[in-house]
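Engineer: TSV, C-alpha atoms, file upload_8.tsv:
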```tsv
chain	number	residue	atom	x	y	z
A	1438	MET	CA	-41.02	-27.93	-19.66
A	1439	THR	CA	-40.34	-24.95	-17.45
A	1440	LEU	CA	-38.90	-24.72	-13.97
A	1441	LEU	CA	-42.47	-24.51	-12.63
A	1442	ASP	CA	-43.30	-27.86	-14.19
A	1443	ILE	CA	-40.54	-29.87	-12.48
A	1444	PRO	CA	-42.27	-31.55	-9.53
A	1445	PRO	CA	-40.54	-32.99	-6.50
A	1446	PRO	CA	-39.39	-35.61	-5.97
A	1447	SER	CA	-37.93	-36.26	-9.39
A	1448	PHE	CA	-34.38	-36.74	-10.55
A	1449	LEU	CA	-34.31	-33.33	-12.18
A	1450	TRP	CA	-35.71	-31.74	-9.04
A	1451	TYR	CA	-33.02	-33.33	-6.86
A	1452	MET	CA	-30.33	-32.34	-9.40
A	1453	GLY	CA	-31.63	-28.80	-9.45
A	1454	VAL	CA	-31.52	-28.49	-5.68
A	1455	ALA	CA	-28.20	-30.30	-5.27
A	1456	SER	CA	-26.30	-28.54	-8.04
A	1457	ASN	CA	-27.45	-25.10	-6.97
A	1458	ALA	CA	-26.79	-25.81	-3.29
A	1459	LEU	CA	-23.34	-27.22	-4.06
A	1460	ALA	CA	-22.54	-24.27	-6.31
A	1461	ALA	CA	-23.64	-21.92	-3.55
A	1462	VAL	CA	-21.40	-23.61	-0.99
A	1463	LEU	CA	-18.38	-23.71	-3.33
A	1464	PHE	CA	-18.77	-20.10	-4.45
A	1465	LEU	CA	-19.14	-19.02	-0.83
A	1466	THR	CA	-15.97	-20.93	0.06
A	1467	LEU	CA	-14.03	-19.31	-2.77
A	1468	GLY	CA	-15.34	-15.86	-1.88
A	1469	THR	CA	-14.47	-16.34	1.79
A	1470	LEU	CA	-10.94	-17.50	0.93
A	1471	VAL	CA	-10.31	-14.53	-1.36
A	1472	LEU	CA	-11.84	-11.90	0.90
A	1473	GLY	CA	-10.29	-13.44	3.99
A	1474	LYS	CA	-6.79	-13.21	2.58
A	1475	LEU	CA	-7.40	-9.65	1.47
A	1476	HIS	CA	-8.70	-8.71	4.91
A	1477	ARG	CA	-5.75	-10.32	6.71
A	1478	SER	CA	-3.30	-8.35	4.57
A	1479	SER	CA	-5.34	-5.11	4.90
A	1480	GLN	CA	-5.94	-4.99	1.16
A	1481	LEU	CA	-9.75	-5.10	1.17
A	1482	THR	CA	-10.11	-1.43	0.22
A	1483	ASP	CA	-6.77	-1.02	-1.57
A	1484	ASN	CA	-7.10	-3.90	-4.02
A	1485	PRO	CA	-10.28	-3.37	-6.06
A	1486	LEU	CA	-9.52	-6.28	-8.41
A	1487	GLY	CA	-9.15	-8.65	-5.50
A	1488	SER	CA	-12.12	-7.44	-3.50
A	1489	THR	CA	-14.54	-7.39	-6.46
A	1490	THR	CA	-13.43	-10.92	-7.37
A	1491	GLY	CA	-14.21	-12.03	-3.84
A	1492	PHE	CA	-17.60	-10.32	-3.89
A	1493	ILE	CA	-18.44	-11.85	-7.27
A	1494	PHE	CA	-17.94	-15.28	-5.70
A	1495	VAL	CA	-20.04	-14.39	-2.64
A	1496	ILE	CA	-22.90	-12.91	-4.66
A	1497	ALA	CA	-22.79	-15.88	-7.06
A	1498	ALA	CA	-23.20	-18.07	-3.97
A	1499	GLY	CA	-26.25	-16.05	-3.00
A	1500	SER	CA	-27.61	-16.34	-6.51
A	1501	HIS	CA	-27.34	-20.13	-6.51
A	1502	ALA	CA	-28.81	-20.32	-3.01
A	1503	VAL	CA	-31.85	-18.39	-4.19
A	1504	HIS	CA	-32.11	-20.64	-7.23
A	1505	ALA	CA	-32.05	-23.67	-4.95
A	1506	ALA	CA	-34.82	-22.03	-2.93
A	1507	THR	CA	-36.99	-21.81	-6.04
A	1508	PHE	CA	-36.98	-25.61	-6.08
A	1509	ILE	CA	-37.45	-26.12	-2.36
A	1510	GLY	CA	-39.92	-23.34	-1.68
A	1511	PRO	CA	-43.69	-23.55	-1.87
A	1512	GLY	CA	-43.60	-22.33	-5.44
A	1513	VAL	CA	-42.31	-19.50	-7.54
A	1514	THR	CA	-43.72	-16.52	-5.74
A	1515	LEU	CA	-43.32	-12.85	-6.63
A	1516	GLY	CA	-41.03	-12.39	-3.63
A	1517	LEU	CA	-38.82	-15.25	-4.72
A	1518	LEU	CA	-38.65	-13.93	-8.27
A	1519	ALA	CA	-37.76	-10.50	-6.91
A	1520	ALA	CA	-34.98	-12.12	-4.84
A	1521	VAL	CA	-33.65	-13.96	-7.90
A	1522	VAL	CA	-33.65	-10.77	-9.99
A	1523	SER	CA	-32.06	-8.65	-7.23
A	1524	VAL	CA	-29.23	-11.08	-6.58
A	1525	ASP	CA	-28.51	-11.51	-10.28
A	1526	LEU	CA	-28.51	-7.74	-10.83
A	1527	ALA	CA	-26.09	-7.38	-7.91
A	1528	LEU	CA	-23.88	-10.01	-9.55
A	1529	VAL	CA	-23.96	-8.15	-12.86
A	1530	ALA	CA	-23.12	-4.85	-11.18
A	1531	THR	CA	-20.17	-6.37	-9.33
A	1532	ILE	CA	-18.82	-7.95	-12.51
A	1533	VAL	CA	-19.04	-4.55	-14.24
A	1534	VAL	CA	-17.07	-2.97	-11.37
A	1535	TYR	CA	-14.49	-5.75	-11.68
A	1536	LEU	CA	-14.13	-5.20	-15.43
A	1537	LEU	CA	-13.68	-1.45	-14.93
A	1538	ALA	CA	-11.06	-2.06	-12.23
A	1539	ARG	CA	-9.29	-4.60	-14.44
A	1540	ARG	CA	-9.23	-2.08	-17.28
A	1541	ARG	CA	-7.67	0.49	-14.97
A	1542	HIS	CA	-5.07	-1.89	-13.54
A	1543	GLY	CA	-4.15	-3.60	-16.79
A	1544	ALA	CA	-5.22	-6.88	-18.31
A	1545	THR	CA	-2.36	-8.81	-16.74
A	1546	ALA	CA	-3.13	-7.75	-13.17
A	1547	ALA	CA	-3.79	-10.72	-10.93
A	1548	ILE	CA	-5.32	-10.67	-7.47
A	1549	TYR	CA	-2.57	-12.16	-5.38
A	1550	GLU	CA	0.31	-10.93	-7.45
A	1551	ASP	CA	-0.78	-7.41	-6.52
A	1552	LEU	CA	-0.88	-8.36	-2.86
A	1553	GLU	CA	2.39	-10.25	-2.86
A	1554	GLY	CA	4.29	-7.62	-4.83
A	1555	ARG	CA	3.08	-4.80	-2.63
A	1556	ARG	CA	3.85	-6.71	0.54
A	1557	ARG	CA	7.36	-7.55	-0.64
A	1558	ALA	CA	7.98	-3.95	-1.68
A	1559	LEU	CA	6.99	-2.68	1.76
A	1560	GLU	CA	9.11	-5.33	3.47
A	1561	LEU	CA	12.13	-4.53	1.33
A	1562	ASN	CA	11.59	-0.83	1.88
A	1563	ASP	CA	11.73	-1.35	5.64
A	1564	ALA	CA	14.47	-3.96	5.68
A	1565	VAL	CA	16.82	-2.66	3.02
A	1566	VAL	CA	16.11	0.85	1.73
A	1567	GLN	CA	15.21	2.40	5.07
A	1568	ARG	CA	18.02	0.72	7.00
A	1569	LEU	CA	20.72	1.44	4.40
A	1570	ALA	CA	19.62	5.07	4.12
A	1571	GLU	CA	19.88	5.23	7.90
A	1572	ALA	CA	23.34	3.62	7.87
A	1573	LYS	CA	24.57	6.06	5.24
A	1574	LEU	CA	23.26	9.06	7.14
A	1575	ALA	CA	24.77	7.75	10.36
A	1576	LEU	CA	28.20	7.38	8.71
A	1577	ASP	CA	27.93	10.88	7.23
A	1578	LEU	CA	27.21	12.21	10.72
A	1579	GLY	CA	30.07	10.21	12.23
A	1580	HIS	CA	27.77	7.89	14.19
A	1581	VAL	CA	29.55	4.63	13.40
A	1582	ASP	CA	27.75	2.56	16.06
A	1583	ALA	CA	24.36	3.61	14.72
A	1584	ALA	CA	25.53	2.73	11.21
A	1585	TYR	CA	26.64	-0.74	12.32
A	1586	GLU	CA	23.32	-1.27	14.02
A	1587	ALA	CA	21.36	-0.26	10.93
A	1588	VAL	CA	23.45	-2.47	8.63
A	1589	GLY	CA	23.14	-5.38	11.05
A	1590	SER	CA	19.37	-4.95	11.25
A	1591	SER	CA	19.14	-4.75	7.46
A	1592	LEU	CA	21.16	-7.96	7.14
A	1593	GLU	CA	18.93	-9.87	9.55
A	1594	GLN	CA	15.69	-8.67	7.99
A	1595	SER	CA	16.97	-9.33	4.45
A	1596	LYS	CA	17.93	-12.88	5.39
A	1597	ARG	CA	14.48	-13.45	6.85
A	1598	ILE	CA	12.83	-12.15	3.66
A	1599	CYS	CA	15.00	-14.42	1.50
A	1600	ASN	CA	14.22	-17.41	3.71
A	1601	ASP	CA	10.51	-16.65	3.55
A	1602	MET	CA	10.65	-16.43	-0.24
A	1603	ILE	CA	12.45	-19.77	-0.55
A	1604	ALA	CA	10.07	-21.15	2.08
A	1605	GLY	CA	11.38	-24.66	2.51
A	1606	ASP	CA	12.06	-25.24	-1.19
A	1607	SER	CA	15.61	-26.55	-1.20
A	1608	GLY	CA	15.81	-26.71	-4.98
A	1609	ARG	CA	18.53	-25.18	-7.10
A	1610	LEU	CA	20.03	-22.11	-5.54
A	1611	ARG	CA	22.49	-21.26	-8.28
A	1612	ALA	CA	22.53	-17.50	-8.64
A	1613	GLU	CA	22.68	-15.72	-11.98
A	1614	ARG	CA	26.30	-15.26	-13.09
A	1615	ARG	CA	27.14	-11.56	-12.82
A	1616	ARG	CA	29.29	-9.83	-15.38
A	1617	THR	CA	32.46	-8.46	-13.80
B	466	MET	CA	12.09	26.62	10.20
B	467	ARG	CA	10.02	24.76	12.73
B	468	THR	CA	9.98	21.16	11.59
B	469	LEU	CA	7.84	18.12	12.30
B	470	LEU	CA	9.58	14.79	11.56
B	471	VAL	CA	7.30	11.91	10.58
B	472	ASP	CA	8.81	8.44	10.15
B	473	ASP	CA	8.07	5.10	11.78
B	474	ALA	CA	11.81	4.43	12.22
B	475	ALA	CA	12.77	6.13	15.48
B	476	SER	CA	16.46	5.59	14.79
B	477	LEU	CA	16.22	7.35	11.42
B	478	ARG	CA	14.26	10.21	12.97
B	479	ALA	CA	17.03	10.63	15.54
B	480	LEU	CA	19.68	10.90	12.82
B	481	VAL	CA	17.61	13.30	10.71
B	482	ARG	CA	17.00	15.42	13.81
B	483	ILE	CA	20.76	15.63	14.40
B	484	ALA	CA	21.35	16.58	10.75
B	485	LEU	CA	18.68	19.30	10.78
B	486	ASN	CA	19.68	20.74	14.16
B	487	ARG	CA	23.32	20.95	13.06
B	488	ASP	CA	22.33	22.92	9.97
B	489	GLY	CA	21.04	25.83	12.00
B	490	ASP	CA	18.11	26.69	9.75
B	491	PHE	CA	15.87	24.01	11.20
B	492	ASP	CA	14.32	23.54	14.63
B	493	VAL	CA	12.75	20.10	15.12
B	494	VAL	CA	9.74	20.85	17.31
B	495	ALA	CA	8.03	17.44	17.24
B	496	GLU	CA	8.21	13.91	15.90
B	497	ALA	CA	5.58	11.37	14.92
B	498	GLY	CA	5.76	7.65	14.20
B	499	ASP	CA	2.68	7.25	12.01
B	500	GLY	CA	0.24	9.26	9.93
B	501	ARG	CA	-2.40	9.63	12.63
B	502	ASP	CA	0.14	10.91	15.15
B	503	ALA	CA	1.48	13.26	12.47
B	504	ILE	CA	-1.95	14.85	11.97
B	505	GLU	CA	-2.32	15.41	15.70
B	506	LYS	CA	1.19	16.86	16.07
B	507	ALA	CA	0.78	19.08	12.99
B	508	SER	CA	-2.46	20.42	14.43
B	509	ARG	CA	-0.77	21.16	17.76
B	510	TRP	CA	2.56	22.57	16.55
B	511	ARG	CA	1.66	24.14	13.17
B	512	PRO	CA	5.18	23.58	11.86
B	513	ASP	CA	6.70	25.42	8.91
B	514	VAL	CA	7.93	22.12	7.45
B	515	VAL	CA	6.65	18.58	7.73
B	516	LEU	CA	9.13	15.90	6.63
B	517	LEU	CA	6.82	12.98	5.88
B	518	ASP	CA	7.64	9.33	5.29
B	519	LEU	CA	5.15	7.34	3.23
B	520	ALA	CA	5.30	3.71	4.37
B	521	MET	CA	4.11	3.76	7.98
B	522	PRO	CA	1.80	1.69	10.17
B	523	VAL	CA	-1.64	2.82	11.39
B	524	MET	CA	-1.93	5.44	8.64
B	525	ASP	CA	0.48	5.85	5.73
B	526	GLY	CA	1.89	9.15	4.51
B	527	LEU	CA	-0.26	9.45	1.40
B	528	GLU	CA	-3.43	9.14	3.48
B	529	ALA	CA	-2.17	11.53	6.16
B	530	LEU	CA	-0.90	14.19	3.74
B	531	PRO	CA	-4.18	15.90	2.82
B	532	ARG	CA	-5.34	15.80	6.43
B	533	ILE	CA	-2.11	17.43	7.57
B	534	ARG	CA	-2.75	20.17	5.02
B	535	GLU	CA	-6.21	20.67	6.50
B	536	VAL	CA	-5.04	21.05	10.09
B	537	SER	CA	-1.91	23.02	9.24
B	538	PRO	CA	-2.44	24.79	5.90
B	539	SER	CA	0.71	26.91	6.15
B	540	SER	CA	3.03	23.90	6.51
B	541	SER	CA	5.19	22.87	3.58
B	542	ILE	CA	4.93	19.11	3.39
B	543	VAL	CA	8.05	17.44	2.04
B	544	VAL	CA	7.71	13.74	1.35
B	545	PHE	CA	10.80	11.78	2.42
B	546	THR	CA	10.66	8.29	1.01
B	547	GLY	CA	12.59	5.27	-0.18
B	548	PHE	CA	10.06	4.73	-2.96
B	549	GLY	CA	11.17	6.29	-6.24
B	550	ASP	CA	8.32	4.93	-8.33
B	551	PRO	CA	6.92	7.77	-10.47
B	552	ALA	CA	3.34	6.71	-9.73
B	553	VAL	CA	3.95	7.03	-5.99
B	554	LEU	CA	5.63	10.40	-6.42
B	555	ARG	CA	2.81	11.60	-8.65
B	556	ARG	CA	0.29	10.61	-5.95
B	557	ALA	CA	2.29	12.56	-3.39
B	558	HIS	CA	2.35	15.60	-5.65
B	559	ASP	CA	-1.39	15.31	-6.33
B	560	ALA	CA	-2.11	15.00	-2.61
B	561	GLY	CA	-0.42	18.34	-2.01
B	562	ALA	CA	3.24	17.63	-1.29
B	563	ALA	CA	5.51	20.62	-1.86
B	564	GLY	CA	8.22	18.23	-3.01
B	565	VAL	CA	9.67	14.77	-2.67
B	566	ILE	CA	13.10	13.73	-1.43
B	567	GLU	CA	14.36	10.19	-1.82
B	568	LYS	CA	16.11	8.68	1.18
B	569	GLY	CA	19.86	8.22	0.89
B	570	LEU	CA	21.07	11.82	0.90
B	571	GLY	CA	23.85	13.03	3.14
B	572	PRO	CA	23.01	15.51	5.90
B	573	GLN	CA	23.99	18.65	3.97
B	574	GLU	CA	22.26	17.48	0.79
B	575	LEU	CA	19.15	16.70	2.82
B	576	CYS	CA	19.03	20.15	4.42
B	577	ASP	CA	19.70	21.87	1.08
B	578	ALA	CA	16.99	19.83	-0.61
B	579	ILE	CA	14.40	20.69	2.06
B	580	ARG	CA	15.38	24.35	1.87
B	581	ASP	CA	15.10	24.37	-1.92
B	582	ILE	CA	11.65	22.84	-1.84
B	583	VAL	CA	10.30	25.02	0.97
B	584	GLN	CA	11.66	28.20	-0.56
B	585	GLY	CA	10.47	27.24	-4.04
B	586	ARG	CA	13.90	27.24	-5.61
B	587	PRO	CA	14.86	24.88	-8.43
B	588	PRO	CA	16.20	21.52	-7.24
B	589	GLY	CA	19.79	21.28	-5.98
B	590	SER	CA	22.88	20.14	-7.81
B	591	ASP	CA	22.00	16.47	-7.94
B	592	PRO	CA	18.71	16.05	-9.81
B	593	ALA	CA	18.97	12.28	-9.32
B	594	HIS	CA	17.77	12.74	-5.75
B	595	LEU	CA	15.28	15.55	-5.88
B	596	ALA	CA	11.83	16.26	-7.26
B	597	ALA	CA	10.12	19.58	-6.78
B	598	ALA	CA	6.39	19.90	-7.20
B	599	THR	CA	6.45	23.65	-7.57
B	600	SER	CA	6.57	23.95	-11.36
B	601	GLY	CA	3.12	22.45	-11.81
B	602	ALA	CA	4.34	20.36	-14.70
B	603	GLY	CA	5.64	17.76	-12.23
B	604	GLU	CA	9.29	17.11	-12.82
B	605	ASP	CA	10.20	13.44	-12.99
B	606	VAL	CA	12.57	11.93	-10.51
B	607	ALA	CA	15.59	10.44	-12.23
B	608	ALA	CA	16.58	7.02	-11.02
B	609	SER	CA	19.19	7.26	-8.34
```
Rewrite the structure from the file as structure tokens, please.

Structural biologist:
Amino acid sequence: MTLLDIPPPSFLWYMGVASNALAAVLFLTLGTLVLGKLHRSSQLTDNPLGSTTGFIFVIAAGSHAVHAATFIGPGVTLGLLAAVVSVDLALVATIVVYLLARRRHGATAAIYEDLEGRRRALELNDAVVQRLAEAKLALDLGHVDAAYEAVGSSLEQSKRICNDMIAGDSGRLRAERRRT
Amino acid sequence: MRTLLVDDAASLRALVRIALNRDGDFDVVAEAGDGRDAIEKASRWRPDVVLLDLAMPVMDGLEALPRIREVSPSSSIVVFTGFGDPAVLRRAHDAGAAGVIEKGLGPQELCDAIRDIVQGRPPGSDPAHLAAATSGAGEDVAAS
């Protein structure tokens, strides 16, 4: 029995429509979540692993939507077949791009780890490195007030970063014992 | 040397300006707080030296660097950054930076480092803080 032989309304027909429609909705949700987070953190163009993952989900949603349409539509027309083939080819192409990007970034690269690590590095650069470099230069130039201000700013921003990283988790806070 | 300072931290720019003006070899002609502003100022002032931070809003230093070279080809662009990661420094070198200086130097060391890079001399006495892109082989920056 082929797809063309499954008449509505039959259990298989309903399952075909429902499963493809549900898959389309879920893939679209996943893709929107991934791409949305990337967009909000301005990583859409800078994080190829993340963005191709998001697009894979979105195109997979389109693929399943078209498959659902093959059940619902008047029949398997040439246009519908062309749509199925085009969407699936787009999916294949996006997966190839993802695999190439993954190869370039290393097999252990994860989508959000890249985002989180980069964001933290930029925050720490601003809060700690930049401010301490400023404080040091100010002291070298004899500008003690400016140095105090830079150190104070660094302290406040560092505390905020630490609080954000703990984020309400009041678990164990025992620091690593340092060798003296 | 007519100098354009590019850094999003106005307070740091103020201190660097003081350090450079005290040296006597440098004349800070303009300042910019982001990459886009830096391109516009470089085009207007055609400085001899551009001291360029990397992590900035609107447009970061790595994106601005090649465009600054386009609008002011005679400028020596010296990257001034807190990031010591070799991959970042390599990108800066590939984008056309004359050299890279890590933040944290004292005023005299900073001026000497800029001078060394602009005049194509070997790096100064403390290789832990300097990287010069002039050799073509791309010296590595030792961890500070």

Engineer: Extract, using only C-alpha atoms, all DNA, RNA and protein residues at most 6 Å from stretch 571-583 of chain B, discarding same-chain residues fewer than 5 positions from it, and format them as a PyMOL selection string.

Structural biologist: (chain A and resi 1574) or (chain B and resi 484+564)

Engineer: Residues of chain A within 12 Å of chain B, counting all atoms listed in the file - could you list those as an NGL selection string?

Structural biologist: :A and (1479 or 1483 or 1555-1556 or 1558-1584 or 1586-1587 or 1590)

Engineer: What is the atom CA of A:Asp1525-atom CA of A:Ser1500 distance in Å, reported with one decimal?

Structural biologist: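 Distance reported for this atom pair: 6.2 Å.
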
Engineer: Tell me, as a PyMOL selection string, which residues lie within 9 Å of B:Leu519, counting only C-alpha atoms; anything in the same chain fewer than 3 positions away does not count.

Structural biologist: chain B and resi 471-472+500+525-529+544-548+557

Engineer: May I ask for the distance between atom CA of A:Ala1497 and atom CA of A:Gln1480, given in Å to one decimal place?

Structural biologist: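 Result for atom CA of A:Ala1497 versus atom CA of A:Gln1480: 21.7 Å, one decimal.
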
Engineer: Please give the centre and size of the box around stretch 1528-1539 of chain A (axis-aligned, containing every atom listed in the file, 6 Å added per side), with values in Å to one decimal and written as lines of an AutoDock Vina configuration file.

Structural biologist:
```
center_x = -16.6
center_y = -5.7
center_z = -12.4
size_x = 26.7
size_y = 20.6
size_z = 18.1
```

Engineer: Using only C-alpha atoms, which of A:Leu1475, A:Leu1592, A:Val1521, A:Leu1537 sits nearest A:Gly1499?

Structural biologist: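 With only C-alpha atoms as the atom set, the closest residue is A:Val1521.
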
Engineer: Counting all atoms listed in the file, which residues sit no farther than 12 Å from the position (-32.5, -11.0, -4.4) in the file's frame? I'd like them as an mmCIF file with C-alpha atoms, in the coordinates of the input.

Structural biologist:
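Output file out15.cif follows:
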```cif
data_model
loop_
_atom_site.group_PDB
_atom_site.id
_atom_site.type_symbol
_atom_site.label_atom_id
_atom_site.label_comp_id
_atom_site.auth_asym_id
_atom_site.auth_seq_id
_atom_site.Cartn_x
_atom_site.Cartn_y
_atom_site.Cartn_z
ATOM 1 C CA ILE A 1496 -22.900 -12.910 -4.660
ATOM 2 C CA ALA A 1497 -22.790 -15.880 -7.060
ATOM 3 C CA ALA A 1498 -23.200 -18.070 -3.970
ATOM 4 C CA GLY A 1499 -26.250 -16.050 -3.000
ATOM 5 C CA SER A 1500 -27.610 -16.340 -6.510
ATOM 6 C CA HIS A 1501 -27.340 -20.130 -6.510
ATOM 7 C CA ALA A 1502 -28.810 -20.320 -3.010
ATOM 8 C CA VAL A 1503 -31.850 -18.390 -4.190
ATOM 9 C CA HIS A 1504 -32.110 -20.640 -7.230
ATOM 10 C CA ALA A 1506 -34.820 -22.030 -2.930
ATOM 11 C CA THR A 1507 -36.990 -21.810 -6.040
ATOM 12 C CA LEU A 1515 -43.320 -12.850 -6.630
ATOM 13 C CA GLY A 1516 -41.030 -12.390 -3.630
ATOM 14 C CA LEU A 1517 -38.820 -15.250 -4.720
ATOM 15 C CA LEU A 1518 -38.650 -13.930 -8.270
ATOM 16 C CA ALA A 1519 -37.760 -10.500 -6.910
ATOM 17 C CA ALA A 1520 -34.980 -12.120 -4.840
ATOM 18 C CA VAL A 1521 -33.650 -13.960 -7.900
ATOM 19 C CA VAL A 1522 -33.650 -10.770 -9.990
ATOM 20 C CA SER A 1523 -32.060 -8.650 -7.230
ATOM 21 C CA VAL A 1524 -29.230 -11.080 -6.580
ATOM 22 C CA ASP A 1525 -28.510 -11.510 -10.280
ATOM 23 C CA LEU A 1526 -28.510 -7.740 -10.830
ATOM 24 C CA ALA A 1527 -26.090 -7.380 -7.910
ATOM 25 C CA LEU A 1528 -23.880 -10.010 -9.550
#
```

Engineer: With all atoms listed in the file as the counted atoms, please give the residues lying no more than 7 Å from B:Asp490, apart from itself and same-chain residues fewer than 2 positions off, as a list in words.

Structural biologist: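 Counting only the stated atoms, we get Met466, Asp488 and Asp492 of chain B.
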
Engineer: Have a look at atom CA of B:Gly489 and atom CA of B:Leu517 and let me know their distance in Å, one decimal.

Structural biologist: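 Straight-line distance from atom CA of B:Gly489 to atom CA of B:Leu517 works out to 20.1 Å.
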